[in-house]
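Undergrad: Quick one: structure below, then a few questions.
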Amino acid sequence: MTQSTAPSRAYLVISPGRNEADYMRRTLDSMVAQTQRPARWVIVDDGSTDDSPQILADYAAQHDWITVVRREDRGHRAVGPGVIEAFYAGLDTVSLSDYTYLCKLDLDLDLPPGYFAGLIDRMQADPRVGTCSGKTYYVDKAGRKISEKISDEMSVGASKFMRVSCFNQIGGFVREVMWDGIDCHKARMLGWKAVSWRDPDLAFEHLRPMGSSQQSIYAGRRRHGFGQYYMGSDPLYFTATAIRKMAHPPYVLGGLATLQGYLGAWWRRAPQHGDADLRTFVRAYQREVLWRGKARTVARIEAERAGVWVQPQG
C-alpha cells in the first residue's frame with residue numbers, strides 16, 4: 001500500500017442524500033460553522049426531486065470545499081445498500097490517499113461546532129481508534145432530547161468517522177444493510193478500536209429518528225432485523241436485544257418487527273455476509289457479551305489484540 005502524504009488532520013466527508021430539503025440546511029450550516037472544516041465535502045445528490053439540487057448549488061457556489069455529484073433519479077429514497085452505492089459514487093471522484101480521515105455523513109443532522117476537531121483530537125491521542133463518533137439524539141414533540149442509545153463500542157452510521165488506513169484495511173463498507181455494524185466488528189477483529197463518546201461537545205441531533213424508513217418505523221425495524229441476520233448475529237443474543245428494544249418507542253411492536261425481519265430472513269434462507277471468519281467473530285463476541293457484558297468483552301478483545309496490532313501505512 002502506498003504511504004499517505006495527507007496532512008495529519010485532513011479529512012474528507014461524503015454525504016449521500018435524496019430529497020433532504022427539509023433537513024439539509026441545518027446540516028450544511030453546522031458544517032460551515034465547524035471549527036475545523038473538511039478539506040473536501042462531496043455531497044451526492046441521489047436523484048432528488050425536491051429543492052435539494054438548488055440548495056446544494058447555492059452552498060457549493062459559496063464554499064469551494066463543497067462539491068456536488070448528481071446521480072439519476074432511482075424513483076425512491078434508498079437505504080442500506082443504496083446509500084452505500086451513492087457513497088461510493090462520491091468516493092470515486094476523489095483520491096482517498098489525500099486524506100487522513102474519512103466521514104460518511106447523513107444530511108439530516110445538526111452537529112456542534114467542535115464536532116470534527118474533537119473527534120480528530122481523540123483519534124490522534126489514540127492511534128488504535130479506527131472508527132468513532134459522538135452520541136446522537138432526537139427531539140420529540142414535547143421538545144425533549146431523547147437519546148438514540150448508541151452503544152459505546154460502536155460508531156454511529158449517520159456520522160461514521162474513520163481513519164483512512166482502517167477503512168482500507170477492513171475493505172471499506174459492505175453494500176448491504178448493517179454496513180455500519182459490520183465495519184465496527186471487522187475493525188475490532190483486526191485490532192482497531194470502534195467507539196462512540198458520551199461527551200456533550202460531541203452530541204449531535206438526528207433530525208429524522210434513527211431506524212425510521214421511507215415507509216414507516218416498523219419497516220425500519222424489520223430492515224434492522226434482516227441486517228442482523230445478514231451479519232451473522234447469534235440467535236439468542238439477537239432475541240435478547242429485540243426483547244430489550246420493546247421497552248423503548250414504539251415499544252412492543254417495534255421489537256416484534258425486528259424479530260420478524262430476522263426470522264423472515266432465516267426462514268427463506270437469505271444469503272449472509274460472505275466473510276465467514278467475521279461471522280464467527282461476531283457470534284463469539286455476542287455470546288461472551290451475554291454473560292460478561294459489553295464493556296468487559298470489548299476490553300478483553302482490545303487487550304488481546306494490543307500486542308499484535310500494527311497500524312497500516314497509508
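Residue names in the C-alpha cells use chain letters A, B, ... in the order shown, residue numbers from 1 in each chain, and ligand numbers from 1 in the order shown.
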Could you find all residues in segment 103-288 of chain A that DSSP calls strand (DSSP E) from the backbone, and write them as a VMD selection string?

TA: chain A and resid 103 to 105 109 to 110 129 to 134 136 to 139 145 to 147 159 to 163 193 to 197 204 to 206

Undergrad: Contacts of segment 182-190 of chain A at 8 Å or less, counting only C-alpha atoms, minus same-chain residues fewer than 4 places along, as a CSV table (one decimal) with N, CA, C and O atoms, in the first residue's frame?

TA:
```csv
chain,number,residue,atom,x,y,z
A,130,GLY,N,-10.0,3.3,15.2
A,130,GLY,CA,-10.1,3.3,13.8
A,130,GLY,C,-11.4,3.9,13.3
A,130,GLY,O,-11.5,4.4,12.2
A,131,THR,N,-12.5,3.8,14.1
A,131,THR,CA,-13.8,4.4,13.7
A,131,THR,C,-14.5,4.9,15.0
A,131,THR,O,-14.4,4.3,16.0
A,154,MET,N,-19.6,1.0,19.5
A,154,MET,CA,-20.0,1.2,18.0
A,154,MET,C,-20.0,2.7,17.7
A,154,MET,O,-20.2,3.5,18.5
A,155,SER,N,-19.6,3.0,16.4
A,155,SER,CA,-19.7,4.3,15.9
A,155,SER,C,-21.0,4.5,15.1
A,155,SER,O,-21.5,3.5,14.5
A,166,CYS,N,-7.7,2.5,8.5
A,166,CYS,CA,-8.6,1.5,8.9
A,166,CYS,C,-9.6,1.1,7.9
A,166,CYS,O,-9.9,0.0,7.6
A,170,ILE,N,-10.1,-2.8,6.4
A,170,ILE,CA,-11.4,-3.6,6.5
A,170,ILE,C,-12.0,-3.8,5.2
A,170,ILE,O,-13.0,-4.6,5.1
A,172,GLY,N,-13.3,-1.4,3.2
A,172,GLY,CA,-14.4,-0.4,3.0
A,172,GLY,C,-15.7,-0.9,3.6
A,172,GLY,O,-15.8,-1.8,4.4
A,173,PHE,N,-16.8,-0.2,3.2
A,173,PHE,CA,-18.2,-0.6,3.6
A,173,PHE,C,-18.8,-1.6,2.7
A,173,PHE,O,-18.7,-1.6,1.5
A,174,VAL,N,-19.5,-2.6,3.3
A,174,VAL,CA,-20.2,-3.6,2.5
A,174,VAL,C,-21.5,-2.9,2.0
A,174,VAL,O,-22.0,-2.0,2.7
A,178,MET,N,-26.8,-3.1,7.6
A,178,MET,CA,-25.9,-3.4,8.7
A,178,MET,C,-24.5,-3.1,8.3
A,178,MET,O,-23.5,-3.6,9.0
A,194,ALA,N,-13.3,0.6,18.0
A,194,ALA,CA,-14.5,1.3,17.5
A,194,ALA,C,-15.2,1.9,18.7
A,194,ALA,O,-15.4,1.2,19.7
A,231,MET,N,-25.5,-10.1,9.0
A,231,MET,CA,-24.2,-10.0,9.7
A,231,MET,C,-23.8,-11.3,10.3
A,231,MET,O,-22.6,-11.5,10.6
A,278,LEU,N,-15.5,-13.4,9.9
A,278,LEU,CA,-16.1,-12.3,10.6
A,278,LEU,C,-17.4,-12.7,11.3
A,278,LEU,O,-17.7,-12.4,12.4
A,281,PHE,N,-16.5,-14.4,14.4
A,281,PHE,CA,-16.1,-13.5,15.4
A,281,PHE,C,-17.3,-12.8,16.0
A,281,PHE,O,-17.3,-12.6,17.3
A,282,VAL,N,-18.2,-12.4,15.2
A,282,VAL,CA,-19.4,-11.6,15.7
A,282,VAL,C,-20.2,-12.5,16.7
A,282,VAL,O,-20.6,-12.1,17.8
A,301,ILE,N,-11.1,-8.1,24.3
A,301,ILE,CA,-10.7,-8.2,22.9
A,301,ILE,C,-9.6,-7.2,22.6
A,301,ILE,O,-8.6,-7.5,21.9
A,302,GLU,N,-9.7,-5.9,23.1
A,302,GLU,CA,-8.8,-4.9,22.8
A,302,GLU,C,-7.4,-5.2,23.4
A,302,GLU,O,-6.4,-5.0,22.8
A,305,ARG,N,-5.6,-8.0,21.5
A,305,ARG,CA,-5.1,-7.7,20.2
A,305,ARG,C,-4.0,-6.6,20.2
A,305,ARG,O,-3.4,-6.2,19.2
A,309,TRP,N,-1.3,-5.7,17.1
A,309,TRP,CA,-1.8,-4.7,16.2
A,309,TRP,C,-0.7,-3.8,15.7
A,309,TRP,O,0.2,-3.4,16.5
```

Undergrad: Could you please write out, as a list in words, every residue of segment 3-37 of chain A that DSSP assigns to alpha helix (DSSP H)?

TA: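 Those in segment 3-37 of chain A that DSSP calls alpha helix (DSSP H) are Met24, Arg25, Arg26, Thr27, Leu28, Asp29, Ser30, Met31 and Val32 of chain A.
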
Undergrad: Could you jot down the atom CA of Gly118 of chain A to atom CA of Gly82 of chain A separation for me, Å, one decimal place?

TA: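 Between these atoms lies a distance of 29.8 Å.
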
Undergrad: Would you mind listing what lies within 9 Å of Arg26 of chain A as a PDB file with N, CA and C atoms, in the first residue's frame, with only C-alpha atoms counted and same-chain residues fewer than 2 positions away left out?

TA:
```
ATOM      1  N   ASP A  22     -35.852  19.322   3.527  1.00  0.00           N
ATOM      2  CA  ASP A  22     -36.434  19.718   4.811  1.00  0.00           C
ATOM      3  C   ASP A  22     -35.406  19.755   5.930  1.00  0.00           C
ATOM      4  N   TYR A  23     -34.260  19.082   5.739  1.00  0.00           N
ATOM      5  CA  TYR A  23     -33.271  18.959   6.803  1.00  0.00           C
ATOM      6  C   TYR A  23     -31.903  19.529   6.454  1.00  0.00           C
ATOM      7  N   MET A  24     -31.519  19.499   5.194  1.00  0.00           N
ATOM      8  CA  MET A  24     -30.116  19.680   4.845  1.00  0.00           C
ATOM      9  C   MET A  24     -29.551  21.061   5.164  1.00  0.00           C
ATOM     10  N   LEU A  28     -25.896  21.598   6.491  1.00  0.00           N
ATOM     11  CA  LEU A  28     -24.960  22.452   5.775  1.00  0.00           C
ATOM     12  C   LEU A  28     -24.448  23.582   6.659  1.00  0.00           C
ATOM     13  N   ASP A  29     -25.347  24.235   7.365  1.00  0.00           N
ATOM     14  CA  ASP A  29     -24.941  25.344   8.229  1.00  0.00           C
ATOM     15  C   ASP A  29     -24.042  24.871   9.367  1.00  0.00           C
ATOM     16  N   SER A  30     -24.328  23.693   9.910  1.00  0.00           N
ATOM     17  CA  SER A  30     -23.496  23.192  11.005  1.00  0.00           C
ATOM     18  C   SER A  30     -22.114  22.778  10.510  1.00  0.00           C
ATOM     19  N   MET A  31     -22.007  22.365   9.253  1.00  0.00           N
ATOM     20  CA  MET A  31     -20.697  22.048   8.687  1.00  0.00           C
ATOM     21  C   MET A  31     -19.909  23.325   8.398  1.00  0.00           C
ATOM     22  N   LEU A 107     -27.409  13.779   5.724  1.00  0.00           N
ATOM     23  CA  LEU A 107     -27.824  15.162   5.524  1.00  0.00           C
ATOM     24  C   LEU A 107     -29.041  15.527   6.356  1.00  0.00           C
ATOM     25  N   ASP A 108     -29.234  14.822   7.466  1.00  0.00           N
ATOM     26  CA  ASP A 108     -30.338  15.148   8.374  1.00  0.00           C
ATOM     27  C   ASP A 108     -29.832  15.262   9.810  1.00  0.00           C
ATOM     28  N   LEU A 109     -28.660  15.901   9.954  1.00  0.00           N
ATOM     29  CA  LEU A 109     -28.005  16.033  11.250  1.00  0.00           C
ATOM     30  C   LEU A 109     -27.719  17.502  11.557  1.00  0.00           C
ATOM     31  N   ASP A 110     -27.626  17.806  12.844  1.00  0.00           N
ATOM     32  CA  ASP A 110     -27.178  19.118  13.296  1.00  0.00           C
ATOM     33  C   ASP A 110     -26.020  18.885  14.253  1.00  0.00           C
ATOM     34  N   LEU A 111     -24.804  19.260  13.816  1.00  0.00           N
ATOM     35  CA  LEU A 111     -23.578  18.951  14.548  1.00  0.00           C
ATOM     36  C   LEU A 111     -23.092  20.153  15.357  1.00  0.00           C
TER      37      LEU A 111
END
```

Undergrad: Would you mind telling me which residue in A:Ala125, A:Leu236, A:Ala306, A:Leu96 lies nearest to Phe167 of chain A when using only C-alpha atoms?

TA: A:Leu96

Undergrad: Write out as a list in words which residues come within 7 Å of Ser133 of chain A when counting only C-alpha atoms, dropping same-chain ones fewer than 2 positions away.

TA: Leu119, Lys135, Ser155, Val156, Ser159, Lys160, Phe161, Val195, Ser196 and Trp197 of chain A

Undergrad: Identify, on the basis of only C-alpha atoms, every residue whose closest approach to Cys103 of chain A does not exceed 10 Å; exclude the query and any residue fewer than 6 positions from it along the same chain; express the result as a PyMOL selection string.

TA: chain A and resi 11-15+38+41+116+131-133+157-164

Undergrad: How about saving the chosen residues, C-alpha atoms kept, as an mmCIF file, in the first residue's frame?

TA:
```
data_model
loop_
_atom_site.group_PDB
_atom_site.id
_atom_site.type_symbol
_atom_site.label_atom_id
_atom_site.label_comp_id
_atom_site.auth_asym_id
_atom_site.auth_seq_id
_atom_site.Cartn_x
_atom_site.Cartn_y
_atom_site.Cartn_z
ATOM 1 C CA TYR A 11 -10.490 14.802 6.429
ATOM 2 C CA LEU A 12 -12.900 14.017 3.619
ATOM 3 C CA VAL A 13 -16.655 13.981 4.097
ATOM 4 C CA ILE A 14 -19.032 12.172 1.735
ATOM 5 C CA SER A 15 -22.780 12.678 2.127
ATOM 6 C CA PRO A 38 -13.189 19.277 5.935
ATOM 7 C CA TRP A 41 -17.013 17.646 1.247
ATOM 8 C CA PHE A 116 -14.831 17.061 13.936
ATOM 9 C CA THR A 131 -13.777 4.409 13.711
ATOM 10 C CA CYS A 132 -15.648 6.736 16.029
ATOM 11 C CA SER A 133 -18.472 9.222 16.561
ATOM 12 C CA GLY A 157 -23.649 5.188 10.873
ATOM 13 C CA ALA A 158 -25.161 8.651 10.400
ATOM 14 C CA SER A 159 -21.779 10.214 11.211
ATOM 15 C CA LYS A 160 -19.286 7.432 10.545
ATOM 16 C CA PHE A 161 -15.804 8.915 11.088
ATOM 17 C CA MET A 162 -12.887 6.648 10.183
ATOM 18 C CA ARG A 163 -9.159 6.633 9.860
ATOM 19 C CA VAL A 164 -8.453 6.073 6.154
#
```
